[in-house]
2 protein chains.
Amino acid sequence: MTTILNYIENNKQRFLDELFELLRIPSISALPEHAPDMLRCAEKWVELLKKAGVDKAEVCPTDGPPIVYAEKIIDKTKPTVLVYGHYDVMPVDPKNLWNTEPFEPVVKEGRIWCRGANDDKGQSFMHAKAFEYMMENGILPCNVKFMFEGEEECGSGNMLKWCAANKERLTADVILVSDTSMFGQQDPSITTGLRGLACVEVEVTGPSHDLHSGLFGGAVANPANVLCSMIASLHDEKGRVTVKGFYDDVEEVSAADSAALAKAPYNEEDYKNAVKVNKLTGEAGYSTQERTGIRPTLDVNGIWSGFTGEGSKTIVPSKAFAKISMRLVPNQDYKKIGQLFVEHFESIAPPTVQVKASFHHGGPAYVSPTDSKGYKAAYAAYTEAFGKEPVPFRSGGSIPIIAAFDQILGIKSILMGFGLDSDAIHSPNENYYLFNFYKGIETISYFYKHFVQ
Amino acid sequence: MTTILNYIENNKQRFLDELFELLRIPSISALPEHAPDMLRCAEKWVELLKKAGVDKAEVCPTDGPPIVYAEKIIDKTKPTVLVYGHYDVMPVDPKNLWNTEPFEPVVKEGRIWCRGANDDKGQSFMHAKAFEYMMENGILPCNVKFMFEGEEECGSGNMLKWCAANKERLTADVILVSDTSMFGQQDPSITTGLRGLACVEVEVTGPSHDLHSGLFGGAVANPANVLCSMIASLHDEKGRVTVKGFYDDVEEVSAADSAALAKAPYNEEDYKNAVKVNKLTGEAGYSTQERTGIRPTLDVNGIWSGFTGEGSKTIVPSKAFAKISMRLVPNQDYKKIGQLFVEHFESIAPPTVQVKASFHHGGPAYVSPTDSKGYKAAYAAYTEAFGKEPVPFRSGGSIPIIAAFDQILGIKSILMGFGLDSDAIHSPNENYYLFNFYKGIETISYFYKHFVQ
């Protein structure tokens, strides 16, 4: 029997060729014009999973991008692992900041450069290859199911409905997900928590049309200035979010959580250098790890108003807009927070303008149990692959669907991520180290061995 | 001899046809790609002025859009009127808010709808037709010179140089300008003051690239949030601009000025309805007329950062930008104010981001003497044409070049504007009433008669 290491060594190039077929499809779920690409990407996944050895694989239609479902049932009495991933990616703008074509994968400096190289095509693909290895060598020890959605970057709305409607065939003992990162290539870690998310959009309307800033400036409220003041007021001088009731349900950090977080091999200088800022900031009284891991936050993701072209246009704009997202922690209800934001934002609107705030989408936070069979198998797998024990930590990111799996299917998820913070996911020049890619395939194959023990 | 009223009556359609040839040329000076249109527009003007009867007309090249110069010298011993106007127009966006094609003039409800219908193609064209009338009927009482530039909406930078280099041929007794508005169709007014202008652009840089708002949100300063806070801080709770030294040189309102402004037939309800706002705002302690006429202001003309497309993208943007303009009053030096803004804005930058502020362009405020020959002739002309005396008032708008004419050429300008505040200049659906258009031609023809008396 070939070892996983030999199997990887002998198939390295083929693995990349197959992954690149997925990466070349611009499956941007946020942009409606890419709907055909979503379908192409789903069909490509079905083809790849069949090649890897599943009994059946299908494209399941939804009201949005389709969901890919596949399974290999070796023995109904054996345990079942349900693998989740997503094939949709984030938009690529600002495109001019990319050093290579966003959807033409390039291998350079030991990394794959392409939108989706990590998030999440690269990471979910590792599961297909670990599965393929076990099939080829007749050592798959349990049943495996795959479900890959195309709307994770937009809130997984249709995935939720689909799960609720397919509880039966989705029965499993654990959900395995690779859509997070670890501390470093030599510092394995397991994500034990994810932040929730609430996305809103706001619109401030002043005059009925853009006005001449000379004839009306100073007498008619400028919606761009007003929006700036309203957004500025969303944080107090301590860096706390001022939305009324925002912190009411926030779970305070336990001594144990603080201790676990403190164990993380975190270096502030490295962190600052990675994003090229001179000084960090955030909620007073908390460390950087706490600010991103266990405290809720509010960020403007986009803002626009008036004339943004070259040159100048001296106007009082008619409207101003902003997209705002809030990261939430355990116990915060994302729908309630969304509602609190809408009420708060409209309540602080001055009488000189019209303000509309609307809740877009979101999802709850998630904390995974560290005493479960799945967690212990993941822990053993990392230890075997990296030769050192992984560190459990809370990620600042959100995968809304993970908490939903727990609620709808009653199945806990184990977050075996292999990315690095330097992978620039959601940014120009997203990349994924070949080392992490191959190490992930190896680690995942070990997971199955330990899980059925 | 035909009266001006008969001449207008007999040539109405031709006047429109000729004006429309100018209006159809998209001479947007702010957008470099329209450079060829600037030249076409200047050449069209030369053709129209020759038709109207000038001795010579030429396109004068500059480092920017060319300047149109033409003259009719009947007798060097007679006084000379120098007519100034501009053939460049503002950008048209947001284009989707236009009810007609921005550059295809349409006559509807007694108005011409088109970018430039008023500002300033429509208004400057009236001078060519009043001149034509006097030529056709052999009653031109003095010398006339025309200069039309193509960069007024961008600060008239090259016009300044051109004037300095052409002092000789620009000698005149008065400069006549129609680029302002009057109170109402039955309420003639003469603009006796213009605000100055200082345009700046600011750029706030946070992380080196857009970041995942989950992994970094809460720990890395968000440049969009920071920009909002910085802009919010530019006004205090009294609506005063907080830029250090901003009000140092502001000329306080004299009792006479206040009295003159108070005479204006101003109705707050009409004013609010014209722009569809429920409540007005501005610097505490001043009336709307004062806020727009004799007090300096600061407005965001445009702001942009992060993801502004459909859907959502949960990032901490790398950069945030804003275009800001300040309207200035007599005694405020626009270059000094621009510098004060740059220093102030960079001084309030938090250490978590990099801030760059740059001065774009601007111009000084202007106050025209009400005891001059030119002003008295304009006053008499309005009285004759409208059957009632015009009201002198200070406009909130800026025509930077007007003050420069005084400084460079030593010639005072008389602002005979015929627009209305409802003409939506600088906005979608710019328009100009046929009534004002024809009435302007009539009034201008009377000006010459009174000027030489």
# chains A, B, ... in the order shown; residues from 1 in each chain; ligands from 1
$ residues_around --residues "range 403-410 of chain B" --least-positions-apart "5" --cutoff "8 Å" --atoms "only C-alpha atoms" --output "list in words"
Leu160, Cys163, Ala164, Lys167, Leu170, Thr171, Gly363, Pro364, Ala365 and Tyr366 of chain B
$ write_last_selection --atoms "C-alpha atoms" --output "compact mmCIF listing (two decimals), in the first residue's frame"
# COMPACT_ATOMS: atom_id res chain seq x y z
CA LEU B 160 -5.30 83.22 -15.76
CA CYS B 163 -5.03 86.97 -19.47
CA ALA B 164 -1.64 87.86 -17.97
CA LYS B 167 -3.29 92.35 -21.20
CA LEU B 170 -7.93 92.74 -23.44
CA THR B 171 -8.03 96.43 -22.45
CA GLY B 363 -10.09 81.28 -6.42
CA PRO B 364 -10.80 84.39 -4.36
CA ALA B 365 -14.18 85.89 -3.56
CA TYR B 366 -15.33 89.02 -5.42
$ interface_residues --of "chain A" --to "chain B" --cutoff "6 Å" --atoms "only C-alpha atoms" --output "PyMOL selection string"
chain A and resi 30+207-208+210+212+214-215+218-221+228-229+232+275-277+279-282+288+291-292+297+301-308+311+314-316+352+396-397+426-427
$ write_last_selection --atoms "N, CA and C atoms" --output "short mmCIF file (atom, residue, chain, number, x, y, z; two decimals), in the first residue's frame"
data_model
loop_
_atom_site.label_atom_id
_atom_site.label_comp_id
_atom_site.auth_asym_id
_atom_site.auth_seq_id
_atom_site.Cartn_x
_atom_site.Cartn_y
_atom_site.Cartn_z
N ALA A 30 -21.30 37.16 -5.27
CA ALA A 30 -21.89 38.48 -4.99
C ALA A 30 -22.37 39.19 -6.26
N PRO A 207 -31.00 66.56 -0.49
CA PRO A 207 -31.84 67.19 -1.50
C PRO A 207 -32.25 66.18 -2.57
N SER A 208 -33.30 66.53 -3.34
CA SER A 208 -33.83 65.59 -4.34
C SER A 208 -32.85 65.36 -5.48
N ASP A 210 -28.50 66.38 -6.92
CA ASP A 210 -27.22 67.01 -6.58
C ASP A 210 -27.38 68.52 -6.74
N HIS A 212 -25.67 72.60 -6.55
CA HIS A 212 -24.49 73.44 -6.70
C HIS A 212 -24.04 73.80 -5.29
N GLY A 214 -22.12 75.91 -4.23
CA GLY A 214 -21.99 77.34 -3.95
C GLY A 214 -23.34 77.96 -3.63
N LEU A 215 -24.32 77.64 -4.44
CA LEU A 215 -25.64 78.24 -4.26
C LEU A 215 -26.37 77.67 -3.04
N GLY A 218 -23.98 75.10 2.79
CA GLY A 218 -24.06 75.91 4.01
C GLY A 218 -25.48 76.09 4.50
N ALA A 219 -26.45 75.83 3.61
CA ALA A 219 -27.85 75.99 4.01
C ALA A 219 -28.62 74.68 3.92
N VAL A 220 -28.19 73.79 3.01
CA VAL A 220 -28.85 72.49 2.85
C VAL A 220 -27.90 71.41 3.37
N ALA A 221 -28.42 70.53 4.22
CA ALA A 221 -27.59 69.47 4.80
C ALA A 221 -26.97 68.63 3.70
N CYS A 228 -21.03 60.72 7.30
CA CYS A 228 -19.75 60.62 8.02
C CYS A 228 -19.97 60.82 9.51
N SER A 229 -20.76 61.82 9.88
CA SER A 229 -21.00 62.07 11.31
C SER A 229 -21.73 60.91 11.96
N ALA A 232 -19.27 58.08 12.30
CA ALA A 232 -18.29 58.40 13.35
C ALA A 232 -18.89 58.13 14.73
N VAL A 275 0.40 43.52 7.59
CA VAL A 275 -0.59 44.40 6.95
C VAL A 275 -0.05 45.82 6.80
N LYS A 276 1.24 46.01 7.19
CA LYS A 276 1.90 47.30 7.01
C LYS A 276 1.17 48.47 7.68
N VAL A 277 0.93 48.34 8.97
CA VAL A 277 0.40 49.48 9.73
C VAL A 277 1.36 49.76 10.89
N LYS A 279 0.52 51.18 13.84
CA LYS A 279 -0.08 51.08 15.17
C LYS A 279 -1.40 50.35 15.07
N LEU A 280 -1.65 49.46 16.03
CA LEU A 280 -2.92 48.75 16.06
C LEU A 280 -3.91 49.56 16.89
N THR A 281 -5.19 49.15 16.83
CA THR A 281 -6.20 49.90 17.56
C THR A 281 -7.27 48.93 18.04
N GLY A 282 -8.40 49.45 18.48
CA GLY A 282 -9.49 48.56 18.87
C GLY A 282 -10.06 48.89 20.23
N THR A 288 -5.07 42.17 21.09
CA THR A 288 -5.41 42.00 19.68
C THR A 288 -6.13 40.68 19.44
N ARG A 291 -9.59 41.14 20.68
CA ARG A 291 -10.37 42.05 19.83
C ARG A 291 -10.87 41.35 18.57
N THR A 292 -10.04 40.43 18.03
CA THR A 292 -10.47 39.76 16.79
C THR A 292 -11.14 38.42 17.06
N THR A 297 -17.34 43.52 16.71
CA THR A 297 -16.80 44.72 16.07
C THR A 297 -17.77 45.26 15.01
N ASN A 301 -17.52 48.52 5.24
CA ASN A 301 -16.91 47.72 4.17
C ASN A 301 -16.85 48.52 2.87
N GLY A 302 -17.72 49.52 2.77
CA GLY A 302 -17.73 50.35 1.57
C GLY A 302 -18.56 51.60 1.83
N ILE A 303 -18.16 52.71 1.20
CA ILE A 303 -18.92 53.96 1.34
C ILE A 303 -18.80 54.71 0.02
N TRP A 304 -19.89 55.36 -0.41
CA TRP A 304 -19.82 56.11 -1.66
C TRP A 304 -20.89 57.20 -1.70
N SER A 305 -20.51 58.31 -2.31
CA SER A 305 -21.41 59.45 -2.47
C SER A 305 -20.80 60.47 -3.41
N GLY A 306 -21.66 61.16 -4.17
CA GLY A 306 -21.23 62.29 -4.99
C GLY A 306 -20.28 61.95 -6.13
N PHE A 307 -19.40 62.90 -6.43
CA PHE A 307 -18.51 62.79 -7.58
C PHE A 307 -17.20 62.13 -7.17
N THR A 308 -16.86 61.01 -7.83
CA THR A 308 -15.65 60.28 -7.44
C THR A 308 -14.71 60.13 -8.62
N GLY A 311 -10.61 64.96 -11.39
CA GLY A 311 -11.00 66.37 -11.35
C GLY A 311 -11.95 66.67 -10.21
N THR A 314 -18.15 70.51 -7.86
CA THR A 314 -18.50 71.17 -6.60
C THR A 314 -20.00 71.08 -6.34
N ILE A 315 -20.40 69.94 -5.77
CA ILE A 315 -21.82 69.70 -5.52
C ILE A 315 -22.08 69.36 -4.05
N VAL A 316 -23.36 69.51 -3.69
CA VAL A 316 -23.87 68.90 -2.47
C VAL A 316 -24.61 67.67 -3.00
N THR A 352 -32.73 66.91 9.03
CA THR A 352 -32.42 67.57 7.75
C THR A 352 -32.29 66.58 6.59
N GLY A 396 -11.56 35.22 14.21
CA GLY A 396 -12.42 36.40 14.11
C GLY A 396 -13.37 36.31 12.93
N GLY A 397 -13.12 35.34 12.06
CA GLY A 397 -13.95 35.20 10.87
C GLY A 397 -15.31 34.61 11.18
N HIS A 426 -10.05 37.28 0.45
CA HIS A 426 -10.93 38.46 0.34
C HIS A 426 -10.16 39.68 -0.16
N SER A 427 -8.89 39.53 -0.53
CA SER A 427 -8.06 40.66 -0.96
C SER A 427 -7.44 40.38 -2.32
#
$ residues_around --residues "range 60-62 of chain A" --least-positions-apart "5" --cutoff "10 Å" --atoms "only C-alpha atoms" --output "number ranges by chain"
A: 39, 42, 67-69, 147, 149, 157-159, 161-162
$ write_last_selection --atoms "N, CA, C and O atoms" --output "compact mmCIF listing (two decimals), in the first residue's frame"
# COMPACT_ATOMS: atom_id res chain seq x y z
N LEU A 39 -22.83 27.66 -11.99
CA LEU A 39 -23.27 26.35 -12.47
C LEU A 39 -22.08 25.56 -13.04
O LEU A 39 -21.88 24.39 -12.71
N ALA A 42 -20.02 24.19 -10.23
CA ALA A 42 -20.67 23.07 -9.56
C ALA A 42 -20.52 21.79 -10.40
O ALA A 42 -20.21 20.71 -9.87
N ILE A 67 -26.08 23.55 -5.22
CA ILE A 67 -25.25 22.90 -4.21
C ILE A 67 -24.76 21.57 -4.78
O ILE A 67 -25.51 20.88 -5.47
N VAL A 68 -23.49 21.28 -4.53
CA VAL A 68 -22.93 20.01 -5.00
C VAL A 68 -23.04 19.01 -3.85
O VAL A 68 -22.59 19.29 -2.72
N TYR A 69 -23.67 17.85 -4.12
CA TYR A 69 -23.75 16.80 -3.10
C TYR A 69 -23.20 15.50 -3.66
O TYR A 69 -23.47 15.14 -4.81
N MET A 147 -20.70 18.11 0.74
CA MET A 147 -21.66 19.14 0.29
C MET A 147 -20.88 20.44 0.14
O MET A 147 -20.26 20.94 1.05
N GLU A 149 -21.28 24.36 -1.24
CA GLU A 149 -22.27 25.36 -1.67
C GLU A 149 -21.62 26.49 -2.46
O GLU A 149 -20.39 26.61 -2.50
N GLY A 157 -27.78 31.68 2.42
CA GLY A 157 -29.25 31.65 2.55
C GLY A 157 -29.90 30.39 2.01
O GLY A 157 -30.68 29.73 2.69
N ASN A 158 -29.53 30.01 0.78
CA ASN A 158 -30.17 28.82 0.18
C ASN A 158 -29.63 27.52 0.74
O ASN A 158 -30.33 26.50 0.72
N MET A 159 -28.41 27.55 1.25
CA MET A 159 -27.83 26.33 1.87
C MET A 159 -28.65 25.97 3.10
O MET A 159 -28.93 24.79 3.36
N LYS A 161 -31.87 26.52 3.66
CA LYS A 161 -33.12 25.88 3.23
C LYS A 161 -32.84 24.45 2.77
O LYS A 161 -33.57 23.51 3.11
N TRP A 162 -31.79 24.29 2.00
CA TRP A 162 -31.48 22.98 1.43
C TRP A 162 -31.17 21.96 2.55
O TRP A 162 -31.65 20.83 2.52
$ residues_around --residues "range 373-381 of chain A" --least-positions-apart "6" --cutoff "9 Å" --atoms "only C-alpha atoms" --output "list in words"
Asp173, Val174, Ile175, Leu176, Ser189, Ile190, Glu389, Pro390, Val391, Lys412, Ser413, Ile414, Leu415, Met416, Glu442, Thr443, Ile444, Ser445, Tyr446, Phe447, Tyr448, Lys449, His450, Phe451, Val452 and Gln453 of chain A
$ select_by_dssp --residues "range 228-342 of chain A" --states "alpha helix (DSSP H)" --output "count of residues only"
37
$ atom_distance --atom1 "CA of Ser254 in chain A" --atom2 "CA of Arg394 in chain A"
12.8 Å
$ residues_around --residues "Pro36 in chain A" --least-positions-apart "3" --cutoff "10 Å" --atoms "only C-alpha atoms" --output "PDB file with N, CA and C atoms, in the first residue's frame"
ATOM      1  N   ILE A  25     -12.527  29.144 -12.968  1.00  0.00           N
ATOM      2  CA  ILE A  25     -13.937  29.539 -13.115  1.00  0.00           C
ATOM      3  C   ILE A  25     -14.239  30.693 -12.151  1.00  0.00           C
ATOM      4  N   PRO A  26     -14.572  31.899 -12.664  1.00  0.00           N
ATOM      5  CA  PRO A  26     -14.808  33.080 -11.815  1.00  0.00           C
ATOM      6  C   PRO A  26     -16.153  33.010 -11.086  1.00  0.00           C
ATOM      7  N   SER A  27     -16.238  32.123 -10.109  1.00  0.00           N
ATOM      8  CA  SER A  27     -17.516  31.890  -9.408  1.00  0.00           C
ATOM      9  C   SER A  27     -17.729  32.904  -8.274  1.00  0.00           C
ATOM     10  N   PRO A  32     -24.364  39.024  -9.647  1.00  0.00           N
ATOM     11  CA  PRO A  32     -25.377  38.250 -10.385  1.00  0.00           C
ATOM     12  C   PRO A  32     -24.924  37.801 -11.780  1.00  0.00           C
ATOM     13  N   GLU A  33     -24.113  38.634 -12.461  1.00  0.00           N
ATOM     14  CA  GLU A  33     -23.719  38.271 -13.834  1.00  0.00           C
ATOM     15  C   GLU A  33     -22.875  36.993 -13.889  1.00  0.00           C
ATOM     16  N   LEU A  39     -22.829  27.663 -11.987  1.00  0.00           N
ATOM     17  CA  LEU A  39     -23.267  26.348 -12.470  1.00  0.00           C
ATOM     18  C   LEU A  39     -22.079  25.564 -13.041  1.00  0.00           C
ATOM     19  N   ARG A  40     -21.261  26.212 -13.845  1.00  0.00           N
ATOM     20  CA  ARG A  40     -20.076  25.556 -14.433  1.00  0.00           C
ATOM     21  C   ARG A  40     -19.187  25.000 -13.323  1.00  0.00           C
ATOM     22  N   CYS A  41     -19.004  25.797 -12.268  1.00  0.00           N
ATOM     23  CA  CYS A  41     -18.120  25.394 -11.186  1.00  0.00           C
ATOM     24  C   CYS A  41     -18.701  24.180 -10.447  1.00  0.00           C
ATOM     25  N   PRO A  65     -27.227  29.903  -6.322  1.00  0.00           N
ATOM     26  CA  PRO A  65     -26.260  28.981  -6.940  1.00  0.00           C
ATOM     27  C   PRO A  65     -26.546  27.561  -6.466  1.00  0.00           C
TER      28      PRO A  65
END
$ select_by_dssp --residues "range 48-266 of chain A" --states "strand (DSSP E or B)" --output "compact mmCIF listing (two decimals) with N, CA and C atoms, in the first residue's frame"
# COMPACT_ATOMS: atom_id res chain seq x y z
N LYS A 56 -22.06 8.43 -6.00
CA LYS A 56 -22.87 9.34 -6.82
C LYS A 56 -22.59 10.78 -6.42
N ALA A 57 -22.71 11.64 -7.40
CA ALA A 57 -22.50 13.07 -7.17
C ALA A 57 -23.50 13.82 -8.04
N GLU A 58 -24.10 14.88 -7.48
CA GLU A 58 -25.11 15.61 -8.26
C GLU A 58 -25.09 17.11 -7.98
N VAL A 59 -25.61 17.86 -8.95
CA VAL A 59 -25.77 19.30 -8.81
C VAL A 59 -27.21 19.52 -8.34
N CYS A 60 -27.37 20.05 -7.11
CA CYS A 60 -28.71 20.25 -6.57
C CYS A 60 -29.13 21.71 -6.73
N ILE A 67 -26.08 23.55 -5.22
CA ILE A 67 -25.25 22.90 -4.21
C ILE A 67 -24.76 21.57 -4.78
N VAL A 68 -23.49 21.28 -4.53
CA VAL A 68 -22.93 20.01 -5.00
C VAL A 68 -23.04 19.01 -3.85
N TYR A 69 -23.67 17.85 -4.12
CA TYR A 69 -23.75 16.80 -3.10
C TYR A 69 -23.20 15.50 -3.66
N ALA A 70 -22.38 14.80 -2.85
CA ALA A 70 -21.83 13.51 -3.28
C ALA A 70 -21.66 12.62 -2.06
N GLU A 71 -21.61 11.32 -2.26
CA GLU A 71 -21.42 10.43 -1.11
C GLU A 71 -20.77 9.11 -1.50
N LYS A 72 -20.12 8.51 -0.52
CA LYS A 72 -19.57 7.16 -0.66
C LYS A 72 -19.97 6.41 0.60
N THR A 80 -20.14 8.17 9.86
CA THR A 80 -20.16 8.98 8.63
C THR A 80 -19.56 10.36 8.86
N VAL A 81 -18.67 10.75 7.96
CA VAL A 81 -18.07 12.09 7.99
C VAL A 81 -18.72 12.90 6.87
N LEU A 82 -19.23 14.09 7.23
CA LEU A 82 -19.85 14.98 6.24
C LEU A 82 -18.88 16.14 6.00
N VAL A 83 -18.40 16.25 4.78
CA VAL A 83 -17.44 17.31 4.45
C VAL A 83 -18.18 18.50 3.87
N TYR A 84 -17.92 19.69 4.43
CA TYR A 84 -18.54 20.90 3.89
C TYR A 84 -17.47 21.84 3.34
N GLY A 85 -17.80 22.50 2.24
CA GLY A 85 -16.91 23.51 1.67
C GLY A 85 -17.74 24.44 0.79
N HIS A 86 -17.12 25.46 0.23
CA HIS A 86 -17.86 26.32 -0.72
C HIS A 86 -17.00 26.62 -1.93
N VAL A 89 -16.45 32.46 -4.57
CA VAL A 89 -15.32 33.29 -4.13
C VAL A 89 -15.77 34.76 -4.01
N VAL A 106 -1.30 30.89 -10.81
CA VAL A 106 0.14 30.92 -11.11
C VAL A 106 0.85 30.37 -9.87
N VAL A 107 1.85 29.49 -10.08
CA VAL A 107 2.65 29.00 -8.95
C VAL A 107 3.95 29.79 -8.93
N LYS A 108 4.19 30.48 -7.83
CA LYS A 108 5.38 31.32 -7.69
C LYS A 108 5.78 31.35 -6.22
N ARG A 111 3.90 29.26 -3.76
CA ARG A 111 2.47 29.47 -3.48
C ARG A 111 1.65 29.45 -4.76
N ILE A 112 0.35 29.14 -4.60
CA ILE A 112 -0.59 29.24 -5.72
C ILE A 112 -1.24 30.62 -5.59
N TRP A 113 -1.11 31.46 -6.63
CA TRP A 113 -1.71 32.80 -6.61
C TRP A 113 -2.97 32.79 -7.45
N ASN A 143 -18.08 6.01 6.14
CA ASN A 143 -18.83 6.64 5.06
C ASN A 143 -18.44 8.12 4.96
N VAL A 144 -18.48 8.64 3.76
CA VAL A 144 -18.16 10.06 3.55
C VAL A 144 -19.23 10.71 2.68
N LYS A 145 -19.64 11.92 3.09
CA LYS A 145 -20.59 12.72 2.28
C LYS A 145 -19.95 14.08 2.05
N PHE A 146 -20.16 14.60 0.87
CA PHE A 146 -19.63 15.94 0.54
C PHE A 146 -20.77 16.88 0.21
N MET A 147 -20.70 18.11 0.74
CA MET A 147 -21.66 19.14 0.29
C MET A 147 -20.88 20.44 0.14
N PHE A 148 -20.89 20.95 -1.09
CA PHE A 148 -20.18 22.20 -1.42
C PHE A 148 -21.20 23.21 -1.92
N GLU A 149 -21.28 24.36 -1.24
CA GLU A 149 -22.27 25.36 -1.67
C GLU A 149 -21.62 26.49 -2.46
N VAL A 174 -20.10 13.74 12.23
CA VAL A 174 -19.31 14.97 12.36
C VAL A 174 -19.28 15.67 11.01
N ILE A 175 -19.15 17.01 11.07
CA ILE A 175 -18.97 17.77 9.84
C ILE A 175 -17.53 18.28 9.84
N LEU A 176 -16.85 18.03 8.75
CA LEU A 176 -15.46 18.43 8.64
C LEU A 176 -15.37 19.62 7.68
N VAL A 177 -14.70 20.68 8.14
CA VAL A 177 -14.63 21.91 7.34
C VAL A 177 -13.20 22.45 7.30
N SER A 181 -7.82 29.29 9.13
CA SER A 181 -6.36 29.29 9.03
C SER A 181 -5.71 28.78 10.31
N GLY A 184 0.75 29.26 11.90
CA GLY A 184 1.90 29.33 11.01
C GLY A 184 2.18 27.95 10.45
N ASP A 187 3.12 25.95 13.10
CA ASP A 187 2.29 26.14 14.29
C ASP A 187 0.85 25.74 14.01
N SER A 189 -2.98 24.78 14.40
CA SER A 189 -3.99 25.23 15.36
C SER A 189 -5.35 24.77 14.86
N ILE A 190 -6.27 24.61 15.79
CA ILE A 190 -7.63 24.22 15.43
C ILE A 190 -8.57 25.34 15.86
N THR A 191 -9.38 25.81 14.91
CA THR A 191 -10.32 26.87 15.22
C THR A 191 -11.47 26.31 16.03
N THR A 192 -11.62 26.80 17.26
CA THR A 192 -12.69 26.27 18.13
C THR A 192 -13.86 27.26 18.22
N GLY A 193 -13.71 28.41 17.56
CA GLY A 193 -14.82 29.36 17.59
C GLY A 193 -14.79 30.27 16.38
N LEU A 194 -15.96 30.73 15.98
CA LEU A 194 -16.09 31.64 14.85
C LEU A 194 -16.99 32.80 15.29
N GLY A 196 -19.93 35.62 14.71
CA GLY A 196 -21.14 35.74 13.92
C GLY A 196 -21.01 36.96 13.05
N LEU A 197 -22.01 37.20 12.20
CA LEU A 197 -21.95 38.31 11.26
C LEU A 197 -23.33 38.93 11.06
N ALA A 198 -23.35 40.25 10.95
CA ALA A 198 -24.60 40.95 10.59
C ALA A 198 -24.22 42.04 9.61
N CYS A 199 -24.69 41.93 8.37
CA CYS A 199 -24.38 42.91 7.33
C CYS A 199 -25.56 43.83 7.08
N VAL A 200 -25.31 45.13 7.06
CA VAL A 200 -26.37 46.11 6.81
C VAL A 200 -25.93 47.08 5.72
N GLU A 201 -26.91 47.78 5.16
CA GLU A 201 -26.60 48.83 4.19
C GLU A 201 -27.40 50.06 4.58
N VAL A 202 -26.80 51.23 4.48
CA VAL A 202 -27.49 52.46 4.86
C VAL A 202 -27.50 53.45 3.71
N GLU A 203 -28.54 54.26 3.67
CA GLU A 203 -28.70 55.25 2.61
C GLU A 203 -29.18 56.56 3.23
N VAL A 204 -28.44 57.64 2.99
CA VAL A 204 -28.82 58.95 3.50
C VAL A 204 -29.21 59.83 2.31
N THR A 205 -30.41 60.37 2.34
CA THR A 205 -30.88 61.22 1.25
C THR A 205 -31.05 62.66 1.72
N LEU A 211 -26.87 69.26 -5.76
CA LEU A 211 -26.99 70.72 -5.80
C LEU A 211 -25.64 71.39 -6.00
N HIS A 212 -25.67 72.60 -6.55
CA HIS A 212 -24.49 73.44 -6.70
C HIS A 212 -24.04 73.80 -5.29
N GLY A 217 -24.64 75.25 -0.66
CA GLY A 217 -23.74 74.80 0.40
C GLY A 217 -23.82 75.71 1.62
N VAL A 220 -28.19 73.79 3.01
CA VAL A 220 -28.85 72.49 2.85
C VAL A 220 -27.90 71.41 3.37
N HIS A 235 -18.90 54.52 17.08
CA HIS A 235 -17.89 54.07 18.05
C HIS A 235 -17.67 55.18 19.06
N VAL A 241 -18.69 49.90 20.28
CA VAL A 241 -19.79 50.18 19.37
C VAL A 241 -20.94 50.80 20.16
$ atom_distance --atom1 "CA of His127 in chain A" --atom2 "CA of Ala52 in chain A"
10.1 Å
$ closest_residue --among "A:Arg14, A:Cys142, A:Glu136, A:Asp63" --to "Asp75 in chain A" --atoms "only C-alpha atoms"
A:Cys142
$ closest_residue --among "B:Tyr133, B:Thr77, B:Thr2, B:Leu19" --to "Gly53 in chain B" --atoms "only C-alpha atoms"
B:Tyr133
$ residues_around --residues "Asn137 in chain B" --least-positions-apart "5" --cutoff "10 Å" --atoms "only C-alpha atoms" --output "PyMOL selection string"
chain B and resi 1-4+7+132
$ write_last_selection --atoms "N, CA and C atoms" --output "mmCIF file, in the first residue's frame"
data_model
loop_
_atom_site.group_PDB
_atom_site.id
_atom_site.type_symbol
_atom_site.label_atom_id
_atom_site.label_comp_id
_atom_site.auth_asym_id
_atom_site.auth_seq_id
_atom_site.Cartn_x
_atom_site.Cartn_y
_atom_site.Cartn_z
ATOM 1 N N MET B 1 -35.773 100.892 -38.332
ATOM 2 C CA MET B 1 -34.937 99.977 -37.538
ATOM 3 C C MET B 1 -35.794 99.010 -36.712
ATOM 4 N N THR B 2 -35.434 97.749 -36.718
ATOM 5 C CA THR B 2 -36.184 96.763 -35.925
ATOM 6 C C THR B 2 -35.914 96.977 -34.441
ATOM 7 N N THR B 3 -36.905 96.801 -33.627
ATOM 8 C CA THR B 3 -36.660 96.838 -32.167
ATOM 9 C C THR B 3 -36.072 95.480 -31.780
ATOM 10 N N ILE B 4 -35.416 95.453 -30.627
ATOM 11 C CA ILE B 4 -34.848 94.192 -30.172
ATOM 12 C C ILE B 4 -35.949 93.147 -29.990
ATOM 13 N N TYR B 7 -36.788 91.801 -33.340
ATOM 14 C CA TYR B 7 -35.665 91.004 -33.844
ATOM 15 C C TYR B 7 -35.675 89.620 -33.195
ATOM 16 N N GLU B 132 -25.219 90.694 -32.202
ATOM 17 C CA GLU B 132 -25.666 90.499 -33.587
ATOM 18 C C GLU B 132 -26.780 91.493 -33.938
#
